[in-house]
Amino acid sequence: MNNESRENNMIEMCNPIIVEFPLRGTWLAPNTPGTKIPSHGTNKLGTRYAYDFIQVDWERNGLPAYKVGFSHYLFLGVPLEEYYCWGQEVYAPCNGIVVQAKDGYKERSRTNIFSDTLNAYKNAHYFDPEKDDEQLVAGNYIIIKYDDGVYAALCHLQNSSIQVSIGQNVKKGELIGRVGHSGNSYAPHLHFQLMDGEDIKTANGLPCAFEQYEIYQENGWKTISNGIPTDKDKIRFQQ
């Protein structure tokens with residue numbers, strides 16, 4: 001990223017909405033507005049400032065998100081239970097009201113780089129928001145109304161893991177679901193974003209930062225307040 005791009009990103013993210021980190025433990029954000037905007041390469045579906053979170057083996061080359069070897073991943077695929085983050089608990093990032101909670105979208109039993117890439121290509125180029133079901137891309141998801149014009153979306157959740165229902169009041173830090181691999185997903189992960197409306201198909205993304213977490217720097221953990229992690233940060237949040 002050149003200096004001009006970094007400066008533009010800093011300007012866009014200078015007044016973000018602050019929420020709590022929605023996971024516990026140690027994580028990596030391969031897609032984050034702390035590194036590039038749009039973080040997912042598009043402004044569609046409210047994703048301009050969205051985050052993806054995975055867990056990895058920090059001791060292995062390439063920081064794999066799965067327990068098997070690379071050749072196994074490439075040629076045979078990986079069962080979901082072999083991913084470090086699959087089934088990890090997801091928590092409400094804010095107080096609010098659940099306005100959408102869609103479950104029941106089946107996950108593929110294992111990842112496959114070829115079929116998952118084809119699925120991502122089809123959704124990127126042929127998804128029609130006027131007629132296609134948003135679960136094709138979001139999978140199982142929850143949307144929480146945080147404030148007027150501010151909605152939190154948590155996507156790709158594990159099938160049958162959603163713990164809340166429409167109209168329910170939730171508190172920050174409340175367990176609401178589990179990390180999954182539903183919808184348009186290369187591998188189990190949590191996709192998180194803030195939006196200006198509750199309809200993923202039409203909403204615009206809103207800049208977001210996390211009120212507190214830690215990053216590993218110089219052989220120790222450093223507390224970050226109101227921070228925006230980059231794709232290089234080893235992130236930890238414990239409560």
# chains A, B, ... in the order shown; residues from 1 in each chain; ligands from 1
>>> select_by_dssp(residues="segment 6-239 of chain A", states="strand (DSSP E)", output="ChimeraX atom specification")
/A:17-19,25-31,51-54,78-79,89-91,96-102,110-111,140-147,150-157,169-170,175-178,190-195,205-206,208-217,220-227,235-237
>>> select_by_dssp(residues="segment 32-224 of chain A", states="helix (DSSP H, G or I)", output="ChimeraX atom specification")
/A:44-46,70-76,80-82,113-126,135-138
>>> write_last_selection(atoms="N, CA and C atoms", output="compact mmCIF listing (two decimals), in the first residue's frame")
# COMPACT_ATOMS: atom_id res chain seq x y z
N LYS A 44 -20.23 -3.41 -2.15
CA LYS A 44 -21.52 -4.09 -2.16
C LYS A 44 -21.79 -4.79 -0.83
N LEU A 45 -23.08 -4.97 -0.53
CA LEU A 45 -23.54 -5.75 0.62
C LEU A 45 -23.00 -5.21 1.94
N GLY A 46 -22.75 -3.92 1.99
CA GLY A 46 -22.32 -3.29 3.24
C GLY A 46 -20.93 -3.65 3.70
N PHE A 70 -0.60 -28.86 4.24
CA PHE A 70 -1.05 -28.08 3.08
C PHE A 70 -1.48 -28.98 1.93
N SER A 71 -0.74 -30.07 1.66
CA SER A 71 -1.10 -30.95 0.55
C SER A 71 -2.47 -31.59 0.78
N HIS A 72 -2.76 -31.91 2.04
CA HIS A 72 -4.07 -32.47 2.38
C HIS A 72 -5.15 -31.44 2.10
N TYR A 73 -4.91 -30.20 2.50
CA TYR A 73 -5.85 -29.12 2.24
C TYR A 73 -6.07 -28.92 0.74
N LEU A 74 -4.98 -28.94 -0.02
CA LEU A 74 -5.05 -28.64 -1.45
C LEU A 74 -5.75 -29.75 -2.23
N PHE A 75 -5.44 -31.00 -1.95
CA PHE A 75 -5.93 -32.10 -2.78
C PHE A 75 -7.14 -32.83 -2.21
N LEU A 76 -7.30 -32.83 -0.90
CA LEU A 76 -8.38 -33.61 -0.29
C LEU A 76 -9.42 -32.74 0.40
N LEU A 80 -14.51 -29.56 8.48
CA LEU A 80 -14.66 -28.30 9.22
C LEU A 80 -14.10 -28.39 10.63
N GLU A 81 -14.23 -29.54 11.25
CA GLU A 81 -13.75 -29.66 12.63
C GLU A 81 -12.23 -29.60 12.75
N GLU A 82 -11.53 -29.64 11.61
CA GLU A 82 -10.08 -29.52 11.61
C GLU A 82 -9.61 -28.06 11.53
N ILE A 113 -10.76 -26.12 -2.04
CA ILE A 113 -10.29 -24.86 -2.62
C ILE A 113 -10.90 -24.61 -3.99
N PHE A 114 -11.16 -25.66 -4.76
CA PHE A 114 -11.66 -25.48 -6.11
C PHE A 114 -13.15 -25.14 -6.12
N SER A 115 -13.95 -25.92 -5.40
CA SER A 115 -15.39 -25.64 -5.37
C SER A 115 -15.69 -24.36 -4.61
N ASP A 116 -14.92 -24.07 -3.56
CA ASP A 116 -15.16 -22.84 -2.80
C ASP A 116 -14.78 -21.61 -3.62
N THR A 117 -13.72 -21.73 -4.42
CA THR A 117 -13.33 -20.62 -5.29
C THR A 117 -14.39 -20.40 -6.37
N LEU A 118 -14.91 -21.48 -6.94
CA LEU A 118 -15.96 -21.36 -7.94
C LEU A 118 -17.21 -20.72 -7.34
N ASN A 119 -17.56 -21.13 -6.12
CA ASN A 119 -18.72 -20.57 -5.44
C ASN A 119 -18.54 -19.07 -5.20
N ALA A 120 -17.33 -18.68 -4.78
CA ALA A 120 -17.05 -17.26 -4.54
C ALA A 120 -17.11 -16.47 -5.84
N TYR A 121 -16.60 -17.04 -6.92
CA TYR A 121 -16.64 -16.37 -8.22
C TYR A 121 -18.08 -16.15 -8.68
N LYS A 122 -18.89 -17.18 -8.55
CA LYS A 122 -20.30 -17.08 -8.96
C LYS A 122 -21.02 -16.00 -8.17
N ASN A 123 -20.79 -15.96 -6.87
CA ASN A 123 -21.47 -14.96 -6.04
C ASN A 123 -20.96 -13.55 -6.33
N ALA A 124 -19.67 -13.42 -6.61
CA ALA A 124 -19.11 -12.11 -6.89
C ALA A 124 -19.63 -11.53 -8.20
N HIS A 125 -19.86 -12.41 -9.18
CA HIS A 125 -20.20 -11.93 -10.52
C HIS A 125 -21.68 -12.08 -10.87
N TYR A 126 -22.38 -13.00 -10.21
CA TYR A 126 -23.75 -13.29 -10.64
C TYR A 126 -24.81 -13.14 -9.56
N GLN A 135 -28.73 -15.28 1.96
CA GLN A 135 -28.01 -16.35 2.63
C GLN A 135 -27.01 -17.05 1.70
N LEU A 136 -27.17 -16.87 0.39
CA LEU A 136 -26.16 -17.40 -0.53
C LEU A 136 -24.79 -16.81 -0.23
N VAL A 137 -24.75 -15.57 0.21
CA VAL A 137 -23.48 -14.93 0.52
C VAL A 137 -23.23 -14.84 2.03
N ALA A 138 -24.26 -14.53 2.81
CA ALA A 138 -24.08 -14.32 4.25
C ALA A 138 -24.16 -15.61 5.06
>>> closest_atom_pairs(of="segment 113-143 of chain A", to="segment 189-196 of chain A", cutoff="12 Å", atoms="only C-alpha atoms", output="CSV")
residue,atom,partner,partner_atom,distance
A:Val137,CA,A:His191,CA,10.8
A:Ala138,CA,A:His191,CA,8.5
A:Gly139,CA,A:His191,CA,10.3
A:Asn140,CA,A:Leu190,CA,10.8
A:Tyr141,CA,A:His191,CA,9.4
A:Ile142,CA,A:Phe192,CA,10.0
A:Ile143,CA,A:Leu194,CA,9.3
>>> closest_residue(among="A:Leu23, A:Pro207, A:Glu134, A:Tyr49", to="Lys172 of chain A", atoms="only C-alpha atoms")
A:Leu23
>>> residues_around(residues="Asn169 of chain A", least_positions_apart="5", cutoff="10 Å", atoms="only C-alpha atoms", output="NGL selection string")
:A and (95-99 or 144-145 or 164)
>>> write_last_selection(atoms="all heavy atoms", output="JSON list (two decimals), in the first residue's frame")
[["chain", "number", "residue", "atom", "x", "y", "z"],
["A", 95, "ASN", "N", -24.89, -3.52, 22.84],
["A", 95, "ASN", "CA", -26.28, -3.64, 23.26],
["A", 95, "ASN", "C", -27.17, -3.33, 22.06],
["A", 95, "ASN", "O", -26.82, -2.50, 21.21],
["A", 95, "ASN", "CB", -26.59, -2.64, 24.38],
["A", 95, "ASN", "CG", -25.78, -2.89, 25.63],
["A", 95, "ASN", "OD1", -25.34, -4.01, 25.89],
["A", 95, "ASN", "ND2", -25.56, -1.84, 26.41],
["A", 96, "GLY", "N", -28.32, -3.98, 22.00],
["A", 96, "GLY", "CA", -29.21, -3.69, 20.88],
["A", 96, "GLY", "C", -30.36, -4.65, 20.78],
["A", 96, "GLY", "O", -30.60, -5.47, 21.67],
["A", 97, "ILE", "N", -31.06, -4.55, 19.67],
["A", 97, "ILE", "CA", -32.22, -5.40, 19.38],
["A", 97, "ILE", "C", -31.92, -6.23, 18.14],
["A", 97, "ILE", "O", -31.47, -5.70, 17.12],
["A", 97, "ILE", "CB", -33.49, -4.55, 19.14],
["A", 97, "ILE", "CG1", -33.80, -3.71, 20.38],
["A", 97, "ILE", "CG2", -34.68, -5.44, 18.79],
["A", 97, "ILE", "CD1", -34.94, -2.71, 20.16],
["A", 98, "VAL", "N", -32.18, -7.52, 18.23],
["A", 98, "VAL", "CA", -31.99, -8.40, 17.08],
["A", 98, "VAL", "C", -33.09, -8.12, 16.06],
["A", 98, "VAL", "O", -34.27, -8.27, 16.35],
["A", 98, "VAL", "CB", -32.02, -9.88, 17.50],
["A", 98, "VAL", "CG1", -31.89, -10.79, 16.28],
["A", 98, "VAL", "CG2", -30.91, -10.17, 18.51],
["A", 99, "VAL", "N", -32.70, -7.70, 14.86],
["A", 99, "VAL", "CA", -33.69, -7.40, 13.82],
["A", 99, "VAL", "C", -33.72, -8.48, 12.75],
["A", 99, "VAL", "O", -34.70, -8.60, 12.00],
["A", 99, "VAL", "CB", -33.44, -6.02, 13.17],
["A", 99, "VAL", "CG1", -33.70, -4.91, 14.18],
["A", 99, "VAL", "CG2", -32.03, -5.92, 12.60],
["A", 144, "ILE", "N", -27.98, -6.95, 14.45],
["A", 144, "ILE", "CA", -28.39, -6.28, 15.69],
["A", 144, "ILE", "C", -28.48, -4.78, 15.42],
["A", 144, "ILE", "O", -27.52, -4.18, 14.90],
["A", 144, "ILE", "CB", -27.37, -6.54, 16.82],
["A", 144, "ILE", "CG1", -27.27, -8.04, 17.11],
["A", 144, "ILE", "CG2", -27.76, -5.77, 18.08],
["A", 144, "ILE", "CD1", -26.09, -8.39, 18.02],
["A", 145, "LYS", "N", -29.60, -4.18, 15.77],
["A", 145, "LYS", "CA", -29.72, -2.73, 15.69],
["A", 145, "LYS", "C", -29.08, -2.13, 16.93],
["A", 145, "LYS", "O", -29.55, -2.33, 18.06],
["A", 145, "LYS", "CB", -31.18, -2.29, 15.60],
["A", 145, "LYS", "CG", -31.33, -0.78, 15.47],
["A", 145, "LYS", "CD", -32.78, -0.33, 15.36],
["A", 145, "LYS", "CE", -32.88, 1.18, 15.23],
["A", 145, "LYS", "NZ", -34.28, 1.65, 15.13],
["A", 164, "VAL", "N", -30.22, -16.44, 19.45],
["A", 164, "VAL", "CA", -31.12, -15.31, 19.65],
["A", 164, "VAL", "C", -32.22, -15.33, 18.59],
["A", 164, "VAL", "O", -32.12, -16.04, 17.58],
["A", 164, "VAL", "CB", -30.36, -13.97, 19.59],
["A", 164, "VAL", "CG1", -29.39, -13.85, 20.75],
["A", 164, "VAL", "CG2", -29.62, -13.82, 18.25]]
>>> closest_residue(among="A:Ser161, A:Thr26, A:Thr35, A:Ser109", to="Met13 of chain A", atoms="only C-alpha atoms")
A:Thr35
>>> atom_distance(atom1="atom CA of Thr32 of chain A", atom2="atom CA of Gly227 of chain A")
11.8 Å
>>> closest_residue(among="A:Glu20, A:Asp233, A:Ala29, A:Ala153", to="Gln217 of chain A", atoms="only C-alpha atoms")
A:Asp233
>>> atom_distance(atom1="atom CA of Gly197 of chain A", atom2="atom CA of Gln239 of chain A")
29.5 Å
>>> atom_distance(atom1="atom CA of Asp52 of chain A", atom2="atom CA of Glu130 of chain A")
25.4 Å
>>> closest_residue(among="A:Asn204, A:Ser39, A:Asn112, A:Gln163", to="Gly149 of chain A", atoms="only C-alpha atoms")
A:Asn204
>>> closest_residue(among="A:Trp58, A:Thr202, A:Ile228, A:Trp86", to="Asn15 of chain A", atoms="only C-alpha atoms")
A:Ile228
>>> closest_residue(among="A:Tyr186, A:Phe127, A:Trp27, A:Tyr51", to="Tyr84 of chain A", atoms="only C-alpha atoms")
A:Trp27
>>> residues_around(residues="Cys85 of chain A", least_positions_apart="4", cutoff="9 Å", atoms="only C-alpha atoms", output="number ranges by chain")
A: 27, 53-56, 65-66, 81, 89, 179-180, 188-190
